[in-house]
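See structure below.
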Amino acid sequence: MLFICATQTILAQNRTLDSLRESLPKLEGKIKADVLNAISKQLWESKSDSAIFFADSALKLSKKINYRRGEAEANRAIGVSKIYKYDFSDTEHLSEALRIFDETDDKKGVANTFNNMGFMWAQKGKNDSAIRSYEKALQMFEELGDKDGEGTVLNYMGIVYQREGNFEKASQYTLKGLEARSQTKNYRGTVFSMINAGNMYLEGGLPDPAAELYERSIAYAIEHNIKPENLAYSKLAQVYLQKGDIKAAEETLKKSGYPNNLVMAQIYAARGRDDSAYAGFKKELEHSVTPDQRLNKAQALQGLSALYFSDGERDLALDHGLKAYKLADSLGNRKFKQQAARLLSMIYGQAGDNKKSLEFLRIADALRDSIAGMDFQNVLAYYENKSAIEKEQARVKVLSAEKSLQEQKTEEQRKSKNLILLMSLIALSAAMVVIINVQRQKKKIQGQNFVIDEQRREVELALSELKSTQAQLIQREKLASLGELTAGIAHEIQNPLNFVNNFSEVNSELISEMNVEIGSGNLQSAGQLAKSIVENQEKIVHHGKRADAIVKSMLQHSQGGLGKKEPTDINALAEEYLRLAYHGLRAKDNSFNVDYKTAFDSSIGKVKVVPQEIGRVLLNLINNAFFAVSERQKAQGNGYKPEVRVSTKRLRDRIEIRVSDNGMGIPSKLLDKIFQPFFTTKPAGQGTGLGLSLSYDIVTKGHGGTINVETKEGEGTSFLVEIPIEAA
């Protein structure tokens, strides 16, 4: 105990690197080994070679005096210092440190070493190995009750999942890490956790809460007498840039006092100053030479690729785009890899290499589907509202405690009153004065109790409203992640493309024949062939425009509703989504077949609606109908013929859209629940319970219409959508 106290005293008195070095000549034995390791630790990142020198000195001394803890810490220091030197070939020192810590039952040493190993694997891009090491470290820190250690590991785990594009897990670990660190006095660690949480929000597509986290990290650092991190300013600048506020981005970047070439180049590109943007991205490439700067390098490569692409330098755009894609792939960063694949698809498409363009488009779509998801939004909402709710609950506890205190005082006053009344039999004149004072005090306390009760009711009401807001937020974020009908769209585009390809091949053959006839002097036959070529060419143009119309329509759908009503051909919209839903399901299950029919009222004309929103309603109702007949077909086999029917009808001042199926129908006991959020009759994993709720809101609130259901159990279901007609 005396040795431990002496060591802690010396380390507490010598907080700066210089003072630690000055103390060395006066020290010996275990204390000197601890100080050598402490000096090494302060130099790990900034001067790795010097850190290794001091750790090696500590290692030799510890072995000489048989100081096992000092030996383990020295091995750990050498291993970590080499990681910061980007020398990943040496794993022996960390393994040796782990062995000694384990033998000496030093659980914190074991936890710290597993944490260092996780950092090493993450730097090497071995994310699975990194997570395994971090999980072991986290388990031990939790057993030790070490909140700072927990926060550190959770923060690193969040970074790994964030790099992979797994924002659901990234949000869980990152926000837990921030929560743990905020309970400690590790102020700089808390600053970095705030920045990391901001990065997660930004990469997950939520710039506003990201900006709030970056600003909080700056304010928190200033509050605790720490210099704010340059990274917070540069990331905040990227938020402003993403939101289109270029001026704010420039002003924020200047506050960091650090020339961030990458962000500055992105600002130049946004301003259209291509020459400066080129120079900035190239300068970033020159400086991004270490392994932990590989993502910056990939972003600079993609920035150059985009600039070359816009300037028509296709070869250079392709070269830089491929390099960015490969680098993102090696980092395991799915989000950036998806962006790089999307850009490569555009470059190959412009170059006429449709095969490569489609290949990278499929990669981008697959990566997009694997990134984030509804649960990411839910986790963020949970932690945001959890913090607010905890604050309100704390306030309620304070008010409850105050009320209890006042009640205790009231009880004491009551006892005093009884005593005074007893004494009044002896001294009536003195008792009268005391009684008056007691009554005044009682009224005052009762008034205070009334105020406290009112405040408590207000807080409980606010808490109830806050929980309601939380539920609404989770619902809104879940609604934002409705899927796309990629397979159906691909099938729709394939039809006109097949026509284009076939007629193009026929024209090639006709041209060859025409040349032969011209060479033979048979001009009449050559003229007939030329006429056929012209007719085929017209068909090529027709089907090319058809494909173009499909793409434009789908782009409009994928942008999400802007809330603007416009004259829309309801019949064409219904037919389009019927085909897309059918081909989308066929792409998932080629054994799926259904007889679908339409009956459209041609007198409807164009009706003012928000086409994207009504399209979502149709898509959900048709998909539900297909699901219903598919389930009945599985249950009854070949003796059953599945049918889905979509019809429209004009009813004086409104239109009716009816989607019917001959599926199993809906049980009467469930009819009152089908439009409730999160209620679904589909098996687990096949439905969120949001489709009909969203459709109900779009029709009733967005268009002033109604949506009803007619069903007979065992025979089928019809959904009726009625929308008021506005003059087109």
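By order of appearance in the structure tokens: chains A, B, ..., then residues from 1 within every chain, and ligands from 1 in the order shown.
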
task: Within 12 Å of stretch 591-595 of chain A, counting only C-alpha atoms, which residues show up once you throw out same-chain ones fewer than 3 positions away? Write them as a VMD selection string, please.
output: chain A and resid 578 to 579 581 to 588 598 622 625 to 634 638 640 to 646 660 to 663

Within 10 Å of A:His287, counting only C-alpha atoms, which residues qualify if same-chain residues fewer than 5 places away don't, as a compact mmCIF listing (two decimals) with N, CA and C atoms, in the first residue's frame?
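That gives us result_5.txt:
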# COMPACT_ATOMS: atom_id res chain seq x y z
N ASN A 261 -7.72 20.73 -46.46
CA ASN A 261 -7.73 20.77 -47.93
C ASN A 261 -8.98 20.13 -48.51
N LYS A 282 -6.19 17.57 -55.11
CA LYS A 282 -4.86 17.02 -55.38
C LYS A 282 -3.92 17.22 -54.18
N GLN A 293 -5.67 7.92 -42.97
CA GLN A 293 -6.13 8.99 -43.84
C GLN A 293 -6.67 8.44 -45.16
N ASN A 296 -10.04 9.93 -46.32
CA ASN A 296 -9.87 11.26 -46.90
C ASN A 296 -9.36 11.14 -48.34
N LYS A 297 -8.42 10.20 -48.54
CA LYS A 297 -7.87 10.00 -49.88
C LYS A 297 -8.97 9.54 -50.83

- prompt: What's the 9 Å shell around A:Leu497, counting only C-alpha atoms, without same-chain residues fewer than 4 positions away, as a PyMOL selection string?
  reply: chain A and resi 493+501-502+540+543-544+547

Could you write out the selected residues, including N, CA and C atoms, as a PDB file, in the first residue's frame?
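That gives us out-v6.pdb:
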ATOM      1  N   ILE A 493     -38.478  -1.353 -67.948  1.00  0.00           N
ATOM      2  CA  ILE A 493     -37.510  -0.740 -68.868  1.00  0.00           C
ATOM      3  C   ILE A 493     -37.007  -1.775 -69.867  1.00  0.00           C
ATOM      4  N   ASN A 501     -33.258  -2.982 -79.179  1.00  0.00           N
ATOM      5  CA  ASN A 501     -32.175  -3.881 -79.605  1.00  0.00           C
ATOM      6  C   ASN A 501     -32.578  -4.713 -80.829  1.00  0.00           C
ATOM      7  N   ASN A 502     -33.808  -5.244 -80.804  1.00  0.00           N
ATOM      8  CA  ASN A 502     -34.243  -6.103 -81.913  1.00  0.00           C
ATOM      9  C   ASN A 502     -34.336  -5.340 -83.223  1.00  0.00           C
ATOM     10  N   ILE A 540     -37.793   2.371 -83.172  1.00  0.00           N
ATOM     11  CA  ILE A 540     -36.694   2.507 -82.190  1.00  0.00           C
ATOM     12  C   ILE A 540     -36.866   3.792 -81.381  1.00  0.00           C
ATOM     13  N   HIS A 543     -39.873   3.439 -78.897  1.00  0.00           N
ATOM     14  CA  HIS A 543     -39.597   2.653 -77.689  1.00  0.00           C
ATOM     15  C   HIS A 543     -38.511   3.295 -76.829  1.00  0.00           C
ATOM     16  N   GLY A 544     -37.604   4.034 -77.444  1.00  0.00           N
ATOM     17  CA  GLY A 544     -36.617   4.775 -76.647  1.00  0.00           C
ATOM     18  C   GLY A 544     -37.292   5.825 -75.792  1.00  0.00           C
ATOM     19  N   ALA A 547     -38.994   4.144 -72.850  1.00  0.00           N
ATOM     20  CA  ALA A 547     -38.058   3.852 -71.752  1.00  0.00           C
ATOM     21  C   ALA A 547     -37.725   5.115 -70.980  1.00  0.00           C
TER      22      ALA A 547
END

task: Grab the atom CA of A:Lys335 to atom CA of A:Leu285 distance for me, in Å with one decimal place.
output: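 According to the coordinates, atom CA of A:Lys335 and atom CA of A:Leu285 are separated by 20.4 Å.
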
query: Between atom CA of A:Leu231 and atom CA of A:Ala122, what is the spacing in Å?
result: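 Separation of atom CA of A:Ala122 and atom CA of A:Leu231: 20.0 Å.
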
Backbone DSSP call of helix (DSSP H, G or I) for stretch 117-227 of chain A, listed as number ranges by chain: A: 117-123, 127-144, 147-164, 167-181, 187-203, 207-223

message: If we count only C-alpha atoms and set the cut-off at 12 Å, which residues sit around A:Ile226, ignoring sequence neighbours fewer than 3 positions away in its own chain? Please answer as a list of chain:residue names.
response: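 The contact residues come out as A:Asn186, A:Tyr187, A:Arg188, A:Gly189, A:Thr190, A:Val191, A:Phe192, A:Ser217, A:Ile218, A:Ala219, A:Tyr220, A:Ala221, A:Ile222, A:Glu223, A:Glu229.
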
Write out the residues from the selection above, keeping C-alpha atoms, as a PDB file, in the first residue's frame.
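Below you can see out_16.pdb, which holds the result:
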ATOM      1  CA  ASN A 186     -12.723  12.432 -18.934  1.00  0.00           C
ATOM      2  CA  TYR A 187     -13.668  15.728 -20.564  1.00  0.00           C
ATOM      3  CA  ARG A 188     -11.538  15.305 -23.701  1.00  0.00           C
ATOM      4  CA  GLY A 189     -12.873  11.789 -24.198  1.00  0.00           C
ATOM      5  CA  THR A 190     -16.419  13.167 -23.903  1.00  0.00           C
ATOM      6  CA  VAL A 191     -15.585  15.787 -26.558  1.00  0.00           C
ATOM      7  CA  PHE A 192     -14.442  13.067 -28.974  1.00  0.00           C
ATOM      8  CA  SER A 217     -18.536  19.444 -28.374  1.00  0.00           C
ATOM      9  CA  ILE A 218     -17.126  22.946 -28.957  1.00  0.00           C
ATOM     10  CA  ALA A 219     -19.149  24.490 -26.104  1.00  0.00           C
ATOM     11  CA  TYR A 220     -18.336  21.566 -23.776  1.00  0.00           C
ATOM     12  CA  ALA A 221     -14.608  21.903 -24.465  1.00  0.00           C
ATOM     13  CA  ILE A 222     -14.662  25.644 -23.760  1.00  0.00           C
ATOM     14  CA  GLU A 223     -16.691  25.063 -20.581  1.00  0.00           C
ATOM     15  CA  GLU A 229     -11.030  20.085 -31.665  1.00  0.00           C
TER      16      GLU A 229
END

query: For the atom pair atom CA of A:Lys63 and atom CA of A:Lys30, what is the interatomic distance in Å to one decimal place?
result: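 Atom CA of A:Lys63 sits 10.6 Å away from atom CA of A:Lys30.
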
Who sits within 9 Å of A:Glu212, only C-alpha atoms, same chain under 5 positions skipped, as a list in words: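 With the cut-off at 9 Å, the set is Gly198, Pro207, Ser217 and Leu236 of chain A.
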
query: Pick from A:Lys107, A:Lys235, A:Arg457, A:Lys126: nearest to A:Glu143, with only C-alpha atoms counted?
result: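 For A:Glu143, the nearest of the given residues is A:Lys107.
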
field: Close residues, A:Ala237 itself excluded, 6 Å, only C-alpha atoms, min 2 positions apart in chain, as a ChimeraX atom specification
entry: /A:234-235,239-240,249,252-253
